[in-house]
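> Enclosed is the structure file my_file.cif (mmCIF, C-alpha atoms).
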```cif
data_entry
loop_
_atom_site.group_PDB
_atom_site.id
_atom_site.type_symbol
_atom_site.label_atom_id
_atom_site.label_comp_id
_atom_site.auth_asym_id
_atom_site.auth_seq_id
_atom_site.Cartn_x
_atom_site.Cartn_y
_atom_site.Cartn_z
ATOM 1 C CA MET A 1 130.144 95.676 127.992
ATOM 2 C CA GLN A 2 129.514 93.340 130.914
ATOM 3 C CA ILE A 3 127.520 90.182 130.135
ATOM 4 C CA THR A 4 126.340 87.119 132.003
ATOM 5 C CA GLY A 5 125.141 83.763 130.813
ATOM 6 C CA GLN A 6 124.472 80.166 131.645
ATOM 7 C CA CYS A 7 123.583 76.798 130.251
ATOM 8 C CA HIS A 8 119.900 75.836 130.150
ATOM 9 C CA CYS A 9 120.000 73.873 133.427
ATOM 10 C CA GLY A 10 122.153 76.438 135.260
ATOM 11 C CA ALA A 11 125.015 74.054 136.113
ATOM 12 C CA ILE A 12 127.466 76.354 134.290
ATOM 13 C CA THR A 13 127.403 80.138 134.545
ATOM 14 C CA PHE A 14 129.734 82.832 133.280
ATOM 15 C CA LYS A 15 130.468 86.542 133.402
ATOM 16 C CA ALA A 16 132.512 88.383 130.800
ATOM 17 C CA THR A 17 133.660 91.746 129.582
ATOM 18 C CA VAL A 18 133.068 91.803 125.826
ATOM 19 C CA ASP A 19 133.323 94.050 122.789
ATOM 20 C CA PRO A 20 129.804 94.142 121.239
ATOM 21 C CA LYS A 21 131.312 95.027 117.845
ATOM 22 C CA LYS A 22 132.907 91.562 117.655
ATOM 23 C CA VAL A 23 129.621 89.613 117.335
ATOM 24 C CA LEU A 24 129.536 87.589 114.146
ATOM 25 C CA VAL A 25 127.445 84.947 112.438
ATOM 26 C CA CYS A 26 129.044 81.846 110.948
ATOM 27 C CA HIS A 27 127.231 79.969 108.183
ATOM 28 C CA CYS A 28 129.799 77.154 107.753
ATOM 29 C CA ALA A 29 128.532 73.593 107.473
ATOM 30 C CA ASP A 30 130.284 72.605 110.730
ATOM 31 C CA CYS A 31 128.507 75.357 112.701
ATOM 32 C CA GLN A 32 125.210 74.354 111.139
ATOM 33 C CA GLN A 33 125.664 70.708 112.037
ATOM 34 C CA ILE A 34 127.088 71.191 115.533
ATOM 35 C CA SER A 35 124.462 73.781 116.497
ATOM 36 C CA GLY A 36 121.538 72.061 114.787
ATOM 37 C CA ALA A 37 120.655 75.466 113.308
ATOM 38 C CA PRO A 38 121.172 77.263 109.967
ATOM 39 C CA PHE A 39 123.963 79.415 111.479
ATOM 40 C CA ARG A 40 125.717 80.148 114.747
ATOM 41 C CA ALA A 41 126.149 83.580 116.367
ATOM 42 C CA VAL A 42 129.333 83.983 118.411
ATOM 43 C CA LEU A 43 131.145 86.606 120.431
ATOM 44 C CA PRO A 44 134.950 86.170 120.405
ATOM 45 C CA THR A 45 136.321 87.190 123.809
ATOM 46 C CA PRO A 46 139.813 86.860 125.321
ATOM 47 C CA VAL A 47 139.862 84.014 127.840
ATOM 48 C CA GLU A 48 141.155 86.336 130.577
ATOM 49 C CA ASP A 49 137.970 88.438 130.240
ATOM 50 C CA VAL A 50 135.681 85.499 131.085
ATOM 51 C CA THR A 51 134.953 83.920 134.481
ATOM 52 C CA ILE A 52 133.236 80.531 134.373
ATOM 53 C CA SER A 53 131.614 78.645 137.273
ATOM 54 C CA GLY A 54 131.063 74.947 136.666
ATOM 55 C CA THR A 55 132.875 72.532 134.400
ATOM 56 C CA ALA A 56 132.164 72.232 130.697
ATOM 57 C CA LYS A 57 132.696 69.065 128.711
ATOM 58 C CA HIS A 58 134.819 69.453 125.561
ATOM 59 C CA TYR A 59 134.601 67.833 122.157
ATOM 60 C CA VAL A 60 137.595 68.494 119.885
ATOM 61 C CA LYS A 61 136.598 68.991 116.264
ATOM 62 C CA VAL A 62 139.252 68.703 113.572
ATOM 63 C CA ALA A 63 138.534 70.923 110.562
ATOM 64 C CA ASP A 64 139.441 70.064 106.964
ATOM 65 C CA SER A 65 142.408 72.423 107.442
ATOM 66 C CA GLY A 66 143.652 70.315 110.361
ATOM 67 C CA ASN A 67 142.785 73.090 112.824
ATOM 68 C CA ARG A 68 141.643 71.652 116.182
ATOM 69 C CA ARG A 69 138.815 73.470 118.011
ATOM 70 C CA ALA A 70 137.440 72.506 121.414
ATOM 71 C CA GLN A 71 133.647 72.773 121.501
ATOM 72 C CA ALA A 72 132.482 73.335 125.104
ATOM 73 C CA PHE A 73 129.038 72.326 126.316
ATOM 74 C CA CYS A 74 127.188 71.418 129.497
ATOM 75 C CA ALA A 75 127.329 67.667 130.133
ATOM 76 C CA GLU A 76 123.937 67.839 131.902
ATOM 77 C CA CYS A 77 121.716 69.740 129.446
ATOM 78 C CA GLY A 78 123.873 69.895 126.290
ATOM 79 C CA THR A 79 123.867 73.698 125.969
ATOM 80 C CA GLN A 80 126.709 74.862 123.738
ATOM 81 C CA LEU A 81 128.755 77.461 125.587
ATOM 82 C CA TYR A 82 131.841 78.349 123.536
ATOM 83 C CA ALA A 83 134.566 77.119 121.215
ATOM 84 C CA THR A 84 138.266 77.715 121.700
ATOM 85 C CA GLU A 85 141.699 76.540 120.681
ATOM 86 C CA ALA A 86 142.161 72.873 121.631
ATOM 87 C CA GLU A 87 145.577 73.604 123.161
ATOM 88 C CA ALA A 88 146.451 76.764 125.133
ATOM 89 C CA PRO A 89 143.124 78.619 124.750
ATOM 90 C CA LYS A 90 143.427 82.354 124.097
ATOM 91 C CA MET A 91 139.930 83.252 122.833
ATOM 92 C CA LEU A 92 136.508 81.916 123.732
ATOM 93 C CA ASN A 93 133.910 82.185 120.983
ATOM 94 C CA LEU A 94 130.962 82.555 123.342
ATOM 95 C CA ARG A 95 127.722 81.174 121.910
ATOM 96 C CA LEU A 96 125.265 84.047 121.793
ATOM 97 C CA GLY A 97 122.305 81.801 122.603
ATOM 98 C CA CYS A 98 123.455 81.331 126.217
ATOM 99 C CA VAL A 99 124.213 85.043 126.810
ATOM 100 C CA ASN A 100 121.511 86.845 128.811
ATOM 101 C CA GLU A 101 122.070 90.141 126.977
ATOM 102 C CA ARG A 102 121.884 88.538 123.504
ATOM 103 C CA ALA A 103 119.106 90.892 122.327
ATOM 104 C CA GLN A 104 121.563 93.799 122.716
ATOM 105 C CA LEU A 105 124.331 92.055 120.741
ATOM 106 C CA ALA A 106 123.534 92.331 117.045
ATOM 107 C CA PRO A 107 126.032 90.761 114.630
ATOM 108 C CA HIS A 108 128.460 93.076 112.847
ATOM 109 C CA LYS A 109 129.624 90.600 110.206
ATOM 110 C CA GLN A 110 128.984 87.182 108.724
ATOM 111 C CA MET A 111 131.342 84.522 107.426
ATOM 112 C CA TRP A 112 131.105 81.427 105.271
ATOM 113 C CA GLY A 113 128.310 83.083 103.309
ATOM 114 C CA GLU A 114 128.693 80.545 100.505
ATOM 115 C CA SER A 115 127.257 77.933 102.913
ATOM 116 C CA ALA A 116 124.349 80.119 104.100
ATOM 117 C CA MET A 117 120.892 78.666 103.693
ATOM 118 C CA PRO A 118 119.310 80.291 100.625
ATOM 119 C CA TRP A 119 115.964 80.754 102.403
ATOM 120 C CA LEU A 120 117.233 82.944 105.284
ATOM 121 C CA GLY A 121 116.251 86.136 103.449
ATOM 122 C CA GLN A 122 112.644 84.918 103.211
ATOM 123 C CA LEU A 123 112.125 84.833 106.998
ATOM 124 C CA PRO A 124 110.905 88.456 107.362
ATOM 125 C CA ALA A 125 107.988 87.694 105.020
ATOM 126 C CA LEU A 126 106.747 84.701 107.028
ATOM 127 C CA PRO A 127 103.973 84.947 109.651
ATOM 128 C CA VAL A 128 105.331 85.283 113.210
ATOM 129 C CA HIS A 129 103.452 84.069 116.271
ATOM 130 C CA ALA A 130 104.186 85.940 119.521
ATOM 131 C CA LYS A 131 104.900 82.638 121.300
ATOM 132 C CA GLY A 132 103.777 79.123 120.300
ATOM 133 C CA LEU A 133 101.754 78.391 117.150
ATOM 134 C CA ALA A 134 98.493 78.812 119.087
ATOM 135 C CA SER A 135 99.401 82.389 120.113
ATOM 136 C CA PRO A 136 98.373 85.470 118.120
ATOM 137 C CA LEU A 137 100.297 86.648 115.109
ATOM 138 C CA MET A 138 102.529 89.657 115.658
ATOM 139 C CA SER A 139 102.353 92.757 113.486
ATOM 140 C CA PRO A 140 104.431 92.549 110.279
ATOM 141 C CA GLY A 141 107.996 93.617 110.985
ATOM 142 C CA ALA A 142 107.541 93.381 114.782
ATOM 143 C CA THR A 143 110.174 91.650 116.843
ATOM 144 C CA SER A 144 110.145 90.359 120.369
ATOM 145 C CA SER A 145 112.877 89.797 122.906
ATOM 146 C CA ALA A 146 110.886 86.956 124.500
ATOM 147 C CA ASP A 147 112.766 83.697 124.938
#
```
Represent the structure from my file as structure tokens, please.

Amino acid sequence: MQITGQCHCGAITFKATVDPKKVLVCHCADCQQISGAPFRAVLPTPVEDVTISGTAKHYVKVADSGNRRAQAFCAECGTQLYATEAEAPKMLNLRLGCVNERAQLAPHKQMWGESAMPWLGQLPALPVHAKGLASPLMSPGATSSAD
């Protein structure tokens, strides 16, 4: 599948050929903290299948295991773009949030489930507004692809 994406301000753009069956959700504490969210959705893609325009800034995170991962983000707007090996990158874990076709890329597996927020399963039962809190409620079970 061909995808495109960009950071929020548009300073960095990318195109890639991806395998949609590789999308996964990570619930580890590092992904939660770095993303500022309860989990992170990623799409592992070989580096040779991705073309990037613009220059990302990198932060190298050292895991408890000693594994070093470069976290790439836009220095202008802070959008997280991907993570990769700190030395000799082979795979880019593209961040699904900056992929334009993200609504078509459902996760196929999850990892670090022991760190998952216990309230995630309660989300379908909560009221959902179509847009901001002042907008109408959507029908139960309805979803929207609106950003």
> Could you check the closest approach to A:Tyr82 for each of A:Ala11, A:Ala63, A:Ala103, A:Ile52 and tell me which residue wins, using only C-alpha atoms?
A:Ile52
> List the spatial neighbours of A:Ala75 as a list in words - criterion: any atom at most 12 Å away, only C-alpha atoms, same-chain residues fewer than 4 positions off excluded.
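Near neighbours after the sequence-gap exclusion: Cys7, His8, Cys9, Gly10, Ala11, Ile12, Gly54, Thr55, Ala56, Lys57, His58, Tyr59, Gln71, Thr79, Gln80 and Leu81 of chain A.
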> Output the residue selection produced by the PyMOL selection byres ((chain A and resi 89) around 12) on the file above, formatted as a ChimeraX atom specification.
/A:44-48,50,68-72,82-88,90-93
> List as a list in words the protein and nucleic acid residues near A:Arg102, meaning an atom at most 12 Å away when all atoms listed in the file are counted, but skip any in the same chain fewer than 5 places from it.
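What passes the distance filter is Met1, Gln2, Ile3, Thr4, Gly5, Gln6, Val18, Pro20, Val23, Ala41, Val42, Leu43, Leu94, Arg95, Leu96, Gly97, Pro107, Ser145, Ala146 and Asp147 of chain A.
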> Using only C-alpha atoms for the distances, tell me which of A:Asp30, A:Glu114, A:Glu101, A:Glu76 is nearest to A:Thr17.
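Nearest candidate to A:Thr17 out of A:Asp30, A:Glu114, A:Glu101, A:Glu76: A:Glu101.
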> So, with only C-alpha atoms as the atoms that count, which of A:Val60, A:Gly132, A:Gln33, A:Arg40 lies closest to A:Gln110?
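Once distances to A:Gln110 are computed over only C-alpha atoms, the minimum belongs to A:Arg40.
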> Have a look at atom CA of A:His108 and atom CA of A:Leu24 and let me know their distance in Å, one decimal.
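Separation of atom CA of A:His108 and atom CA of A:Leu24: 5.7 Å.
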> I'd like the interatomic distance between atom CA of A:Cys26 and atom CA of A:Val128, to a tenth of an Å.
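Distance between the two atoms: 24.1 Å.
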> Here is a test: counting all atoms listed in the file, which residue of A:Val62, A:Ala37, A:Cys77, A:Leu133 is nearest to A:Leu120?
A:Ala37
> Name the residues that the PyMOL selection byres ((chain A and resi 113) around 12) picks from the file above, as a ChimeraX atom specification, using the file's chain letters and numbers.
/A:24-29,38-39,109-112,114-118,120
> Would you export the selected residues with C-alpha atoms as a PDB file, keeping the file's coordinate frame, please?

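In the end it all went to again.pdb:
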```pdb
ATOM      1  CA  LEU A  24     129.536  87.589 114.146  1.00  0.00           C
ATOM      2  CA  VAL A  25     127.445  84.947 112.438  1.00  0.00           C
ATOM      3  CA  CYS A  26     129.044  81.846 110.948  1.00  0.00           C
ATOM      4  CA  HIS A  27     127.231  79.969 108.183  1.00  0.00           C
ATOM      5  CA  CYS A  28     129.799  77.154 107.753  1.00  0.00           C
ATOM      6  CA  ALA A  29     128.532  73.593 107.473  1.00  0.00           C
ATOM      7  CA  PRO A  38     121.172  77.263 109.967  1.00  0.00           C
ATOM      8  CA  PHE A  39     123.963  79.415 111.479  1.00  0.00           C
ATOM      9  CA  LYS A 109     129.624  90.600 110.206  1.00  0.00           C
ATOM     10  CA  GLN A 110     128.984  87.182 108.724  1.00  0.00           C
ATOM     11  CA  MET A 111     131.342  84.522 107.426  1.00  0.00           C
ATOM     12  CA  TRP A 112     131.105  81.427 105.271  1.00  0.00           C
ATOM     13  CA  GLU A 114     128.693  80.545 100.505  1.00  0.00           C
ATOM     14  CA  SER A 115     127.257  77.933 102.913  1.00  0.00           C
ATOM     15  CA  ALA A 116     124.349  80.119 104.100  1.00  0.00           C
ATOM     16  CA  MET A 117     120.892  78.666 103.693  1.00  0.00           C
ATOM     17  CA  PRO A 118     119.310  80.291 100.625  1.00  0.00           C
ATOM     18  CA  LEU A 120     117.233  82.944 105.284  1.00  0.00           C
TER      19      LEU A 120
END
```
> Out of A:Asn100, A:Gln32, A:Ser139, A:Asn67, which residue has the shortest atom-to-atom distance to A:Ala16 when counting all atoms listed in the file?
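For A:Ala16, the nearest of the candidates is A:Asn100.
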> Quote the spacing between atom CA of A:Asp19 and atom CA of A:Cys74 in Å to one decimal place.
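Computed distance, atom CA of A:Asp19 to atom CA of A:Cys74, equals 24.4 Å.
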> Counting only C-alpha atoms, figure out which residue out of A:Leu137, A:Lys15, A:Lys21, A:Gly78 gets nearest to A:Gln104.
A:Lys21
